[in-house]
Amino acid sequence: MTLETIPEPLLLGWREWVALPELGLTLVKAKVDTGARTSTLHAFYVDSFYRCGKRYVRFGVHPLQRRTDVVVHGEALVVDQRRVADSGGHREERFVIHTRLLLAGCAWPIEVTLTNRETMLFRMLLGRTAIAGRARVDPARSFLTGRVERPWERYG
């Protein structure tokens, strides 16, 4: 199913399992955060470099909470660099990338910032611009697009 064939907006709970296949992330538990403008992905390291005159980032992700033994390394073109305020009001400079989100059998491009979320419960925040016009959120419910048993099996 593509975005164009979605008959009505998806109904999401306050947390959902998502994938970012272009980054090698087959499964990430995301907090659906309508208070956050931009989506954010946990990256425990981020290194920038240039290739053919364009800026890229290499980064490492621990996609499963409380599992630092599971590591996925990603690489993406930098589309922007922004000062972003976290939920505590602290501002930090973050790299911004574009990638494809896979959720409930539908896929569409989203913008993602990279930051270290090691101390946070969720490895990803799915911000409001990523779901605007595509989904509604029921904040009293979870995993409306499906539950995942034994998520570590997705990472071999």
# chains A, B, ... in the order shown; residues from 1 in each chain; ligands from 1
call {"tool": "closest_atom_pairs", "arguments": {"of": "stretch 29-90 of chain A", "to": "stretch 9-12 of chain A", "cutoff": "12 Å", "atoms": "only C-alpha atoms", "output": "Markdown table"}}
result
| residue | atom | partner | partner_atom | distance |
| --- | --- | --- | --- | --- |
| A:Ala30 | CA | A:Leu12 | CA | 11.0 |
| A:Lys31 | CA | A:Leu12 | CA | 10.3 |
| A:Val32 | CA | A:Leu12 | CA | 7.9 |
| A:Asp33 | CA | A:Leu12 | CA | 10.9 |
| A:Thr34 | CA | A:Leu12 | CA | 11.4 |
call {"tool": "write_last_selection", "arguments": {"atoms": "N, CA and C atoms", "output": "PDB file, in the first residue's frame"}}
result
ATOM      1  N   ALA A  30       8.833   3.471  18.403  1.00  0.00           N
ATOM      2  CA  ALA A  30       8.806   4.929  18.369  1.00  0.00           C
ATOM      3  C   ALA A  30       7.695   5.473  19.249  1.00  0.00           C
ATOM      4  N   LYS A  31       7.995   6.562  19.912  1.00  0.00           N
ATOM      5  CA  LYS A  31       6.972   7.307  20.632  1.00  0.00           C
ATOM      6  C   LYS A  31       6.382   8.295  19.636  1.00  0.00           C
ATOM      7  N   VAL A  32       5.084   8.229  19.455  1.00  0.00           N
ATOM      8  CA  VAL A  32       4.399   9.165  18.556  1.00  0.00           C
ATOM      9  C   VAL A  32       4.211  10.444  19.368  1.00  0.00           C
ATOM     10  N   ASP A  33       4.949  11.482  18.995  1.00  0.00           N
ATOM     11  CA  ASP A  33       5.044  12.690  19.813  1.00  0.00           C
ATOM     12  C   ASP A  33       4.569  13.909  19.028  1.00  0.00           C
ATOM     13  N   THR A  34       3.293  14.231  19.176  1.00  0.00           N
ATOM     14  CA  THR A  34       2.747  15.378  18.455  1.00  0.00           C
ATOM     15  C   THR A  34       3.261  16.702  19.011  1.00  0.00           C
TER      16      THR A  34
END
call {"tool": "residues_around", "arguments": {"residues": "stretch 70-83 of chain A", "least_positions_apart": "5", "cutoff": "8 Å", "atoms": "only C-alpha atoms", "output": "PDB file with all heavy atoms, in the first residue's frame"}}
result
ATOM      1  N   LEU A  23      17.944   2.929   6.203  1.00  0.00           N
ATOM      2  CA  LEU A  23      19.018   3.032   7.196  1.00  0.00           C
ATOM      3  C   LEU A  23      19.362   1.677   7.806  1.00  0.00           C
ATOM      4  O   LEU A  23      20.174   1.595   8.724  1.00  0.00           O
ATOM      5  CB  LEU A  23      18.613   4.013   8.307  1.00  0.00           C
ATOM      6  CG  LEU A  23      18.262   5.427   7.849  1.00  0.00           C
ATOM      7  CD1 LEU A  23      17.839   6.274   9.036  1.00  0.00           C
ATOM      8  CD2 LEU A  23      19.411   6.063   7.090  1.00  0.00           C
ATOM      9  N   GLY A  24      18.721   0.615   7.328  1.00  0.00           N
ATOM     10  CA  GLY A  24      18.982  -0.720   7.851  1.00  0.00           C
ATOM     11  C   GLY A  24      18.256  -1.010   9.151  1.00  0.00           C
ATOM     12  O   GLY A  24      18.562  -1.983   9.828  1.00  0.00           O
ATOM     13  N   LEU A  25      17.306  -0.170   9.507  1.00  0.00           N
ATOM     14  CA  LEU A  25      16.558  -0.343  10.755  1.00  0.00           C
ATOM     15  C   LEU A  25      15.235  -1.038  10.445  1.00  0.00           C
ATOM     16  O   LEU A  25      14.281  -0.413   9.984  1.00  0.00           O
ATOM     17  CB  LEU A  25      16.331   1.014  11.424  1.00  0.00           C
ATOM     18  CG  LEU A  25      17.620   1.674  11.909  1.00  0.00           C
ATOM     19  CD1 LEU A  25      17.418   3.152  12.191  1.00  0.00           C
ATOM     20  CD2 LEU A  25      18.165   0.958  13.129  1.00  0.00           C
ATOM     21  N   LYS A  54      29.475  16.832  -1.146  1.00  0.00           N
ATOM     22  CA  LYS A  54      28.248  16.871  -0.349  1.00  0.00           C
ATOM     23  C   LYS A  54      28.530  16.313   1.043  1.00  0.00           C
ATOM     24  O   LYS A  54      29.306  15.375   1.195  1.00  0.00           O
ATOM     25  CB  LYS A  54      27.136  16.068  -1.012  1.00  0.00           C
ATOM     26  CG  LYS A  54      26.688  16.673  -2.322  1.00  0.00           C
ATOM     27  CD  LYS A  54      25.534  15.901  -2.902  1.00  0.00           C
ATOM     28  CE  LYS A  54      25.111  16.558  -4.213  1.00  0.00           C
ATOM     29  NZ  LYS A  54      24.013  15.841  -4.820  1.00  0.00           N
ATOM     30  N   ARG A  55      27.845  16.877   2.028  1.00  0.00           N
ATOM     31  CA  ARG A  55      28.052  16.443   3.413  1.00  0.00           C
ATOM     32  C   ARG A  55      27.162  15.247   3.751  1.00  0.00           C
ATOM     33  O   ARG A  55      25.969  15.247   3.477  1.00  0.00           O
ATOM     34  CB  ARG A  55      27.752  17.592   4.368  1.00  0.00           C
ATOM     35  CG  ARG A  55      28.240  17.330   5.764  1.00  0.00           C
ATOM     36  CD  ARG A  55      28.147  18.551   6.605  1.00  0.00           C
ATOM     37  NE  ARG A  55      28.974  18.407   7.790  1.00  0.00           N
ATOM     38  CZ  ARG A  55      29.026  19.301   8.737  1.00  0.00           C
ATOM     39  NH1 ARG A  55      28.335  20.409   8.644  1.00  0.00           N
ATOM     40  NH2 ARG A  55      29.787  19.101   9.787  1.00  0.00           N
ATOM     41  N   TYR A  56      27.775  14.251   4.359  1.00  0.00           N
ATOM     42  CA  TYR A  56      27.088  13.036   4.804  1.00  0.00           C
ATOM     43  C   TYR A  56      27.371  12.819   6.284  1.00  0.00           C
ATOM     44  O   TYR A  56      28.288  13.419   6.840  1.00  0.00           O
ATOM     45  CB  TYR A  56      27.610  11.806   4.043  1.00  0.00           C
ATOM     46  CG  TYR A  56      27.132  11.694   2.632  1.00  0.00           C
ATOM     47  CD1 TYR A  56      27.692  12.462   1.614  1.00  0.00           C
ATOM     48  CD2 TYR A  56      26.105  10.809   2.290  1.00  0.00           C
ATOM     49  CE1 TYR A  56      27.256  12.346   0.309  1.00  0.00           C
ATOM     50  CE2 TYR A  56      25.670  10.692   0.993  1.00  0.00           C
ATOM     51  CZ  TYR A  56      26.241  11.465   0.003  1.00  0.00           C
ATOM     52  OH  TYR A  56      25.801  11.352  -1.285  1.00  0.00           O
ATOM     53  N   VAL A  57      26.586  11.934   6.890  1.00  0.00           N
ATOM     54  CA  VAL A  57      26.861  11.490   8.244  1.00  0.00           C
ATOM     55  C   VAL A  57      26.865   9.969   8.289  1.00  0.00           C
ATOM     56  O   VAL A  57      26.120   9.304   7.571  1.00  0.00           O
ATOM     57  CB  VAL A  57      25.834  12.014   9.282  1.00  0.00           C
ATOM     58  CG1 VAL A  57      26.066  13.457   9.602  1.00  0.00           C
ATOM     59  CG2 VAL A  57      24.414  11.753   8.845  1.00  0.00           C
ATOM     60  N   ARG A  58      27.766   9.445   9.122  1.00  0.00           N
ATOM     61  CA  ARG A  58      27.773   8.040   9.523  1.00  0.00           C
ATOM     62  C   ARG A  58      27.352   8.029  10.972  1.00  0.00           C
ATOM     63  O   ARG A  58      27.783   8.888  11.743  1.00  0.00           O
ATOM     64  CB  ARG A  58      29.183   7.456   9.426  1.00  0.00           C
ATOM     65  CG  ARG A  58      29.495   6.821   8.143  1.00  0.00           C
ATOM     66  CD  ARG A  58      30.862   6.119   8.216  1.00  0.00           C
ATOM     67  NE  ARG A  58      31.414   6.144   6.891  1.00  0.00           N
ATOM     68  CZ  ARG A  58      32.309   7.001   6.432  1.00  0.00           C
ATOM     69  NH1 ARG A  58      32.822   7.903   7.223  1.00  0.00           N
ATOM     70  NH2 ARG A  58      32.717   6.942   5.201  1.00  0.00           N
ATOM     71  N   PHE A  59      26.548   7.055  11.356  1.00  0.00           N
ATOM     72  CA  PHE A  59      26.081   7.036  12.728  1.00  0.00           C
ATOM     73  C   PHE A  59      25.777   5.614  13.163  1.00  0.00           C
ATOM     74  O   PHE A  59      25.577   4.718  12.346  1.00  0.00           O
ATOM     75  CB  PHE A  59      24.843   7.924  12.897  1.00  0.00           C
ATOM     76  CG  PHE A  59      23.751   7.646  11.910  1.00  0.00           C
ATOM     77  CD1 PHE A  59      22.733   6.755  12.216  1.00  0.00           C
ATOM     78  CD2 PHE A  59      23.742   8.255  10.663  1.00  0.00           C
ATOM     79  CE1 PHE A  59      21.732   6.487  11.306  1.00  0.00           C
ATOM     80  CE2 PHE A  59      22.749   7.995   9.750  1.00  0.00           C
ATOM     81  CZ  PHE A  59      21.734   7.101  10.068  1.00  0.00           C
ATOM     82  N   GLY A  60      25.767   5.426  14.479  1.00  0.00           N
ATOM     83  CA  GLY A  60      25.448   4.126  15.051  1.00  0.00           C
ATOM     84  C   GLY A  60      24.176   4.221  15.866  1.00  0.00           C
ATOM     85  O   GLY A  60      23.972   5.195  16.599  1.00  0.00           O
ATOM     86  N   VAL A  61      23.347   3.204  15.747  1.00  0.00           N
ATOM     87  CA  VAL A  61      22.060   3.170  16.447  1.00  0.00           C
ATOM     88  C   VAL A  61      21.960   1.883  17.252  1.00  0.00           C
ATOM     89  O   VAL A  61      22.295   0.809  16.752  1.00  0.00           O
ATOM     90  CB  VAL A  61      20.880   3.235  15.434  1.00  0.00           C
ATOM     91  CG1 VAL A  61      19.536   3.162  16.158  1.00  0.00           C
ATOM     92  CG2 VAL A  61      20.972   4.477  14.572  1.00  0.00           C
ATOM     93  N   HIS A  62      21.511   2.012  18.479  1.00  0.00           N
ATOM     94  CA  HIS A  62      21.078   0.856  19.263  1.00  0.00           C
ATOM     95  C   HIS A  62      19.554   0.854  19.121  1.00  0.00           C
ATOM     96  O   HIS A  62      18.870   1.589  19.833  1.00  0.00           O
ATOM     97  CB  HIS A  62      21.466   0.994  20.745  1.00  0.00           C
ATOM     98  CG  HIS A  62      22.922   1.023  20.985  1.00  0.00           C
ATOM     99  ND1 HIS A  62      23.524   1.960  21.801  1.00  0.00           N
ATOM    100  CD2 HIS A  62      23.909   0.231  20.534  1.00  0.00           C
ATOM    101  CE1 HIS A  62      24.815   1.740  21.826  1.00  0.00           C
ATOM    102  NE2 HIS A  62      25.085   0.693  21.067  1.00  0.00           N
ATOM    103  N   PRO A  63      18.996   0.091  18.169  1.00  0.00           N
ATOM    104  CA  PRO A  63      17.570   0.213  17.850  1.00  0.00           C
ATOM    105  C   PRO A  63      16.618  -0.318  18.918  1.00  0.00           C
ATOM    106  O   PRO A  63      15.443   0.048  18.919  1.00  0.00           O
ATOM    107  CB  PRO A  63      17.428  -0.589  16.567  1.00  0.00           C
ATOM    108  CG  PRO A  63      18.568  -1.549  16.579  1.00  0.00           C
ATOM    109  CD  PRO A  63      19.671  -0.872  17.310  1.00  0.00           C
ATOM    110  N   LEU A  64      17.113  -1.154  19.809  1.00  0.00           N
ATOM    111  CA  LEU A  64      16.248  -1.745  20.830  1.00  0.00           C
ATOM    112  C   LEU A  64      16.612  -1.192  22.202  1.00  0.00           C
ATOM    113  O   LEU A  64      17.788  -1.198  22.575  1.00  0.00           O
ATOM    114  CB  LEU A  64      16.380  -3.271  20.823  1.00  0.00           C
ATOM    115  CG  LEU A  64      16.090  -3.953  19.493  1.00  0.00           C
ATOM    116  CD1 LEU A  64      16.392  -5.441  19.579  1.00  0.00           C
ATOM    117  CD2 LEU A  64      14.642  -3.721  19.066  1.00  0.00           C
ATOM    118  N   ARG A  91      18.988  23.344  24.149  1.00  0.00           N
ATOM    119  CA  ARG A  91      19.152  23.455  22.702  1.00  0.00           C
ATOM    120  C   ARG A  91      20.456  22.787  22.277  1.00  0.00           C
ATOM    121  O   ARG A  91      21.462  22.892  22.969  1.00  0.00           O
ATOM    122  CB  ARG A  91      19.126  24.916  22.273  1.00  0.00           C
ATOM    123  CG  ARG A  91      17.790  25.584  22.639  1.00  0.00           C
ATOM    124  CD  ARG A  91      17.664  26.994  22.127  1.00  0.00           C
ATOM    125  NE  ARG A  91      17.575  27.087  20.695  1.00  0.00           N
ATOM    126  CZ  ARG A  91      16.491  26.795  19.959  1.00  0.00           C
ATOM    127  NH1 ARG A  91      15.423  26.346  20.545  1.00  0.00           N
ATOM    128  NH2 ARG A  91      16.493  26.951  18.654  1.00  0.00           N
ATOM    129  N   GLU A  92      20.391  22.112  21.134  1.00  0.00           N
ATOM    130  CA  GLU A  92      21.594  21.472  20.616  1.00  0.00           C
ATOM    131  C   GLU A  92      21.548  21.506  19.089  1.00  0.00           C
ATOM    132  O   GLU A  92      20.478  21.505  18.485  1.00  0.00           O
ATOM    133  CB  GLU A  92      21.720  20.039  21.157  1.00  0.00           C
ATOM    134  CG  GLU A  92      21.413  18.956  20.198  1.00  0.00           C
ATOM    135  CD  GLU A  92      21.530  17.562  20.784  1.00  0.00           C
ATOM    136  OE1 GLU A  92      22.625  17.162  21.216  1.00  0.00           O
ATOM    137  OE2 GLU A  92      20.514  16.866  20.763  1.00  0.00           O
ATOM    138  N   GLU A  93      22.722  21.555  18.492  1.00  0.00           N
ATOM    139  CA  GLU A  93      22.855  21.512  17.037  1.00  0.00           C
ATOM    140  C   GLU A  93      22.742  20.054  16.596  1.00  0.00           C
ATOM    141  O   GLU A  93      23.432  19.188  17.136  1.00  0.00           O
ATOM    142  CB  GLU A  93      24.216  22.081  16.639  1.00  0.00           C
ATOM    143  CG  GLU A  93      24.350  22.397  15.183  1.00  0.00           C
ATOM    144  CD  GLU A  93      23.715  23.729  14.799  1.00  0.00           C
ATOM    145  OE1 GLU A  93      23.442  24.560  15.673  1.00  0.00           O
ATOM    146  OE2 GLU A  93      23.501  23.923  13.592  1.00  0.00           O
ATOM    147  N   ARG A  94      21.846  19.791  15.627  1.00  0.00           N
ATOM    148  CA  ARG A  94      21.657  18.420  15.153  1.00  0.00           C
ATOM    149  C   ARG A  94      21.701  18.355  13.633  1.00  0.00           C
ATOM    150  O   ARG A  94      21.248  19.262  12.943  1.00  0.00           O
ATOM    151  CB  ARG A  94      20.296  17.861  15.595  1.00  0.00           C
ATOM    152  CG  ARG A  94      20.154  17.680  17.058  1.00  0.00           C
ATOM    153  CD  ARG A  94      18.824  17.033  17.366  1.00  0.00           C
ATOM    154  NE  ARG A  94      18.546  17.042  18.792  1.00  0.00           N
ATOM    155  CZ  ARG A  94      17.386  16.727  19.315  1.00  0.00           C
ATOM    156  NH1 ARG A  94      16.380  16.372  18.529  1.00  0.00           N
ATOM    157  NH2 ARG A  94      17.209  16.761  20.620  1.00  0.00           N
ATOM    158  N   PHE A  95      22.219  17.226  13.134  1.00  0.00           N
ATOM    159  CA  PHE A  95      22.150  16.960  11.702  1.00  0.00           C
ATOM    160  C   PHE A  95      20.745  16.491  11.364  1.00  0.00           C
ATOM    161  O   PHE A  95      20.103  15.788  12.151  1.00  0.00           O
ATOM    162  CB  PHE A  95      23.156  15.870  11.311  1.00  0.00           C
ATOM    163  CG  PHE A  95      24.585  16.319  11.395  1.00  0.00           C
ATOM    164  CD1 PHE A  95      25.419  15.839  12.389  1.00  0.00           C
ATOM    165  CD2 PHE A  95      25.097  17.229  10.479  1.00  0.00           C
ATOM    166  CE1 PHE A  95      26.737  16.243  12.474  1.00  0.00           C
ATOM    167  CE2 PHE A  95      26.416  17.642  10.552  1.00  0.00           C
ATOM    168  CZ  PHE A  95      27.234  17.158  11.551  1.00  0.00           C
ATOM    169  N   VAL A  96      20.296  16.878  10.172  1.00  0.00           N
ATOM    170  CA  VAL A  96      18.979  16.482   9.686  1.00  0.00           C
ATOM    171  C   VAL A  96      19.173  15.661   8.414  1.00  0.00           C
ATOM    172  O   VAL A  96      19.948  16.048   7.530  1.00  0.00           O
ATOM    173  CB  VAL A  96      18.103  17.717   9.362  1.00  0.00           C
ATOM    174  CG1 VAL A  96      16.722  17.302   8.892  1.00  0.00           C
ATOM    175  CG2 VAL A  96      18.006  18.639  10.577  1.00  0.00           C
ATOM    176  N   ILE A  97      18.482  14.528   8.352  1.00  0.00           N
ATOM    177  CA  ILE A  97      18.532  13.663   7.170  1.00  0.00           C
ATOM    178  C   ILE A  97      17.110  13.372   6.701  1.00  0.00           C
ATOM    179  O   ILE A  97      16.151  13.599   7.439  1.00  0.00           O
ATOM    180  CB  ILE A  97      19.271  12.341   7.461  1.00  0.00           C
ATOM    181  CG1 ILE A  97      18.523  11.524   8.524  1.00  0.00           C
ATOM    182  CG2 ILE A  97      20.714  12.612   7.891  1.00  0.00           C
ATOM    183  CD1 ILE A  97      19.054  10.107   8.720  1.00  0.00           C
ATOM    184  N   HIS A  98      16.995  12.889   5.493  1.00  0.00           N
ATOM    185  CA  HIS A  98      15.720  12.380   4.978  1.00  0.00           C
ATOM    186  C   HIS A  98      15.830  10.871   4.844  1.00  0.00           C
ATOM    187  O   HIS A  98      16.877  10.360   4.441  1.00  0.00           O
ATOM    188  CB  HIS A  98      15.397  12.965   3.600  1.00  0.00           C
ATOM    189  CG  HIS A  98      14.956  14.383   3.647  1.00  0.00           C
ATOM    190  ND1 HIS A  98      14.924  15.177   2.538  1.00  0.00           N
ATOM    191  CD2 HIS A  98      14.513  15.160   4.668  1.00  0.00           C
ATOM    192  CE1 HIS A  98      14.492  16.389   2.862  1.00  0.00           C
ATOM    193  NE2 HIS A  98      14.243  16.393   4.151  1.00  0.00           N
ATOM    194  N   TRP A 152      14.152  -8.474  18.945  1.00  0.00           N
ATOM    195  CA  TRP A 152      15.583  -8.703  18.711  1.00  0.00           C
ATOM    196  C   TRP A 152      15.832  -9.702  17.595  1.00  0.00           C
ATOM    197  O   TRP A 152      16.876  -9.695  16.979  1.00  0.00           O
ATOM    198  CB  TRP A 152      16.262  -9.139  20.008  1.00  0.00           C
ATOM    199  CG  TRP A 152      15.631 -10.361  20.611  1.00  0.00           C
ATOM    200  CD1 TRP A 152      15.946 -11.663  20.353  1.00  0.00           C
ATOM    201  CD2 TRP A 152      14.560 -10.386  21.550  1.00  0.00           C
ATOM    202  NE1 TRP A 152      15.136 -12.499  21.076  1.00  0.00           N
ATOM    203  CE2 TRP A 152      14.272 -11.747  21.822  1.00  0.00           C
ATOM    204  CE3 TRP A 152      13.809  -9.411  22.205  1.00  0.00           C
ATOM    205  CZ2 TRP A 152      13.275 -12.146  22.704  1.00  0.00           C
ATOM    206  CZ3 TRP A 152      12.818  -9.807  23.088  1.00  0.00           C
ATOM    207  CH2 TRP A 152      12.566 -11.164  23.333  1.00  0.00           C
ATOM    208  N   TYR A 155      17.020  -8.529  14.138  1.00  0.00           N
ATOM    209  CA  TYR A 155      18.392  -8.083  13.937  1.00  0.00           C
ATOM    210  C   TYR A 155      19.395  -9.231  13.969  1.00  0.00           C
ATOM    211  O   TYR A 155      20.576  -9.005  14.128  1.00  0.00           O
ATOM    212  CB  TYR A 155      18.744  -7.013  14.982  1.00  0.00           C
ATOM    213  CG  TYR A 155      18.003  -5.726  14.710  1.00  0.00           C
ATOM    214  CD1 TYR A 155      16.870  -5.393  15.421  1.00  0.00           C
ATOM    215  CD2 TYR A 155      18.442  -4.876  13.710  1.00  0.00           C
ATOM    216  CE1 TYR A 155      16.170  -4.222  15.149  1.00  0.00           C
ATOM    217  CE2 TYR A 155      17.765  -3.710  13.427  1.00  0.00           C
ATOM    218  CZ  TYR A 155      16.622  -3.389  14.154  1.00  0.00           C
ATOM    219  OH  TYR A 155      15.952  -2.235  13.879  1.00  0.00           O
TER     220      TYR A 155
END
call {"tool": "closest_atom_pairs", "arguments": {"of": "stretch 4-32 of chain A", "to": "stretch 146-151 of chain A", "cutoff": "8 Å", "atoms": "only C-alpha atoms", "output": "JSON lines"}}
result
{"residue": "A:Glu16", "atom": "CA", "partner": "A:Gly146", "partner_atom": "CA", "distance": 7.6}
{"residue": "A:Trp17", "atom": "CA", "partner": "A:Arg147", "partner_atom": "CA", "distance": 7.3}
{"residue": "A:Leu27", "atom": "CA", "partner": "A:Pro151", "partner_atom": "CA", "distance": 7.1}
call {"tool": "write_last_selection", "arguments": {"atoms": "N, CA and C atoms", "output": "PDB file, in the first residue's frame"}}
result
ATOM      1  N   GLU A  16       4.364   3.079  18.646  1.00  0.00           N
ATOM      2  CA  GLU A  16       4.183   2.171  17.519  1.00  0.00           C
ATOM      3  C   GLU A  16       5.533   1.612  17.092  1.00  0.00           C
ATOM      4  N   TRP A  17       5.512   0.441  16.454  1.00  0.00           N
ATOM      5  CA  TRP A  17       6.714  -0.130  15.847  1.00  0.00           C
ATOM      6  C   TRP A  17       6.822   0.401  14.431  1.00  0.00           C
ATOM      7  N   LEU A  27      13.278  -2.490  12.602  1.00  0.00           N
ATOM      8  CA  LEU A  27      12.276  -2.358  13.651  1.00  0.00           C
ATOM      9  C   LEU A  27      12.782  -1.414  14.738  1.00  0.00           C
TER      10      LEU A  27
END
call {"tool": "closest_residue", "arguments": {"among": "A:Glu8, A:Ala19, A:Thr129, A:Gly35", "to": "A:Glu111", "atoms": "only C-alpha atoms"}}
result
A:Thr129
call {"tool": "atom_distance", "arguments": {"atom1": "atom CA of A:Thr115", "atom2": "atom CA of A:Leu103"}}
result
21.7 Å
call {"tool": "select_by_dssp", "arguments": {"residues": "chain A", "states": "strand (DSSP E or B)", "output": "number ranges by chain"}}
result
A: 10-13, 15-20, 25-33, 39-42, 45-51, 54-61, 72-85, 91-103, 106-115, 124-127, 135-138
call {"tool": "atom_distance", "arguments": {"atom1": "atom CA of A:Ala130", "atom2": "atom CA of A:Asp69"}}
result
28.9 Å
call {"tool": "select_by_dssp", "arguments": {"residues": "chain A", "states": "helix (DSSP H, G or I)", "output": "ChimeraX atom specification"}}
result
/A:3-5,21-23,128-131,151-155
call {"tool": "atom_distance", "arguments": {"atom1": "atom CA of A:Ala104", "atom2": "atom CA of A:Arg15"}}
result
12.7 Å
call {"tool": "closest_residue", "arguments": {"among": "A:Thr40, A:Phe122, A:Trp14, A:His90", "to": "A:Ala135", "atoms": "only C-alpha atoms"}}
result
A:Trp14
call {"tool": "closest_residue", "arguments": {"among": "A:Leu101, A:Ile131, A:Ala36, A:Leu20", "to": "A:Gly89", "atoms": "only C-alpha atoms"}}
result
A:Ala36
call {"tool": "residues_around", "arguments": {"residues": "A:Arg100", "least_positions_apart": "4", "cutoff": "7 Å", "atoms": "only C-alpha atoms", "output": "list of chain:residue names"}}
result
A:Leu20, A:Pro21, A:Glu22, A:Ala107, A:Trp108, A:Pro109, A:Ile110
call {"tool": "write_last_selection", "arguments": {"atoms": "N, CA, C and O atoms", "output": "PDB file, in the first residue's frame"}}
result
ATOM      1  N   LEU A  20      12.852   1.928   9.337  1.00  0.00           N
ATOM      2  CA  LEU A  20      13.540   2.891   8.479  1.00  0.00           C
ATOM      3  C   LEU A  20      14.461   2.065   7.581  1.00  0.00           C
ATOM      4  O   LEU A  20      15.663   1.975   7.812  1.00  0.00           O
ATOM      5  N   PRO A  21      13.890   1.414   6.564  1.00  0.00           N
ATOM      6  CA  PRO A  21      14.653   0.436   5.777  1.00  0.00           C
ATOM      7  C   PRO A  21      15.874   1.000   5.067  1.00  0.00           C
ATOM      8  O   PRO A  21      16.875   0.293   4.920  1.00  0.00           O
ATOM      9  N   GLU A  22      15.847   2.247   4.639  1.00  0.00           N
ATOM     10  CA  GLU A  22      17.007   2.832   3.960  1.00  0.00           C
ATOM     11  C   GLU A  22      18.212   2.959   4.899  1.00  0.00           C
ATOM     12  O   GLU A  22      19.347   3.055   4.442  1.00  0.00           O
ATOM     13  N   ALA A 107       4.516   3.519   3.297  1.00  0.00           N
ATOM     14  CA  ALA A 107       5.847   4.125   3.340  1.00  0.00           C
ATOM     15  C   ALA A 107       5.785   5.534   2.782  1.00  0.00           C
ATOM     16  O   ALA A 107       5.064   5.795   1.819  1.00  0.00           O
ATOM     17  N   TRP A 108       6.537   6.432   3.420  1.00  0.00           N
ATOM     18  CA  TRP A 108       6.640   7.796   2.919  1.00  0.00           C
ATOM     19  C   TRP A 108       7.917   8.425   3.467  1.00  0.00           C
ATOM     20  O   TRP A 108       8.457   7.980   4.476  1.00  0.00           O
ATOM     21  N   PRO A 109       8.414   9.473   2.795  1.00  0.00           N
ATOM     22  CA  PRO A 109       9.650  10.114   3.246  1.00  0.00           C
ATOM     23  C   PRO A 109       9.398  11.001   4.458  1.00  0.00           C
ATOM     24  O   PRO A 109       8.354  11.662   4.552  1.00  0.00           O
ATOM     25  N   ILE A 110      10.366  10.997   5.375  1.00  0.00           N
ATOM     26  CA  ILE A 110      10.291  11.878   6.536  1.00  0.00           C
ATOM     27  C   ILE A 110      11.642  12.528   6.773  1.00  0.00           C
ATOM     28  O   ILE A 110      12.658  12.079   6.269  1.00  0.00           O
TER      29      ILE A 110
END
call {"tool": "closest_residue", "arguments": {"among": "A:Cys52, A:Gly105, A:Thr38, A:Arg66", "to": "A:Glu118", "atoms": "only C-alpha atoms"}}
result
A:Arg66
call {"tool": "decode", "arguments": {"residues": "stretch 17-28 of chain A", "atoms": "N, CA and C atoms", "output": "CSV table (one decimal), in the first residue's frame"}}
result
chain,number,residue,atom,x,y,z
A,17,TRP,N,5.5,0.4,16.5
A,17,TRP,CA,6.7,-0.1,15.8
A,17,TRP,C,6.8,0.4,14.4
A,18,VAL,N,8.0,0.9,14.1
A,18,VAL,CA,8.2,1.5,12.7
A,18,VAL,C,9.5,0.9,12.2
A,19,ALA,N,9.8,1.1,10.9
A,19,ALA,CA,11.0,0.7,10.3
A,19,ALA,C,11.5,1.9,9.4
A,20,LEU,N,12.9,1.9,9.3
A,20,LEU,CA,13.5,2.9,8.5
A,20,LEU,C,14.5,2.1,7.6
A,21,PRO,N,13.9,1.4,6.6
A,21,PRO,CA,14.7,0.4,5.8
A,21,PRO,C,15.9,1.0,5.1
A,22,GLU,N,15.8,2.2,4.6
A,22,GLU,CA,17.0,2.8,4.0
A,22,GLU,C,18.2,3.0,4.9
A,23,LEU,N,17.9,2.9,6.2
A,23,LEU,CA,19.0,3.0,7.2
A,23,LEU,C,19.4,1.7,7.8
A,24,GLY,N,18.7,0.6,7.3
A,24,GLY,CA,19.0,-0.7,7.9
A,24,GLY,C,18.3,-1.0,9.2
A,25,LEU,N,17.3,-0.2,9.5
A,25,LEU,CA,16.6,-0.3,10.8
A,25,LEU,C,15.2,-1.0,10.4
A,26,THR,N,15.2,-2.3,10.7
A,26,THR,CA,14.0,-3.1,10.4
A,26,THR,C,12.9,-3.0,11.4
A,27,LEU,N,13.3,-2.5,12.6
A,27,LEU,CA,12.3,-2.4,13.7
A,27,LEU,C,12.8,-1.4,14.7
A,28,VAL,N,12.0,-0.4,15.0
A,28,VAL,CA,12.3,0.5,16.1
A,28,VAL,C,11.0,0.9,16.8
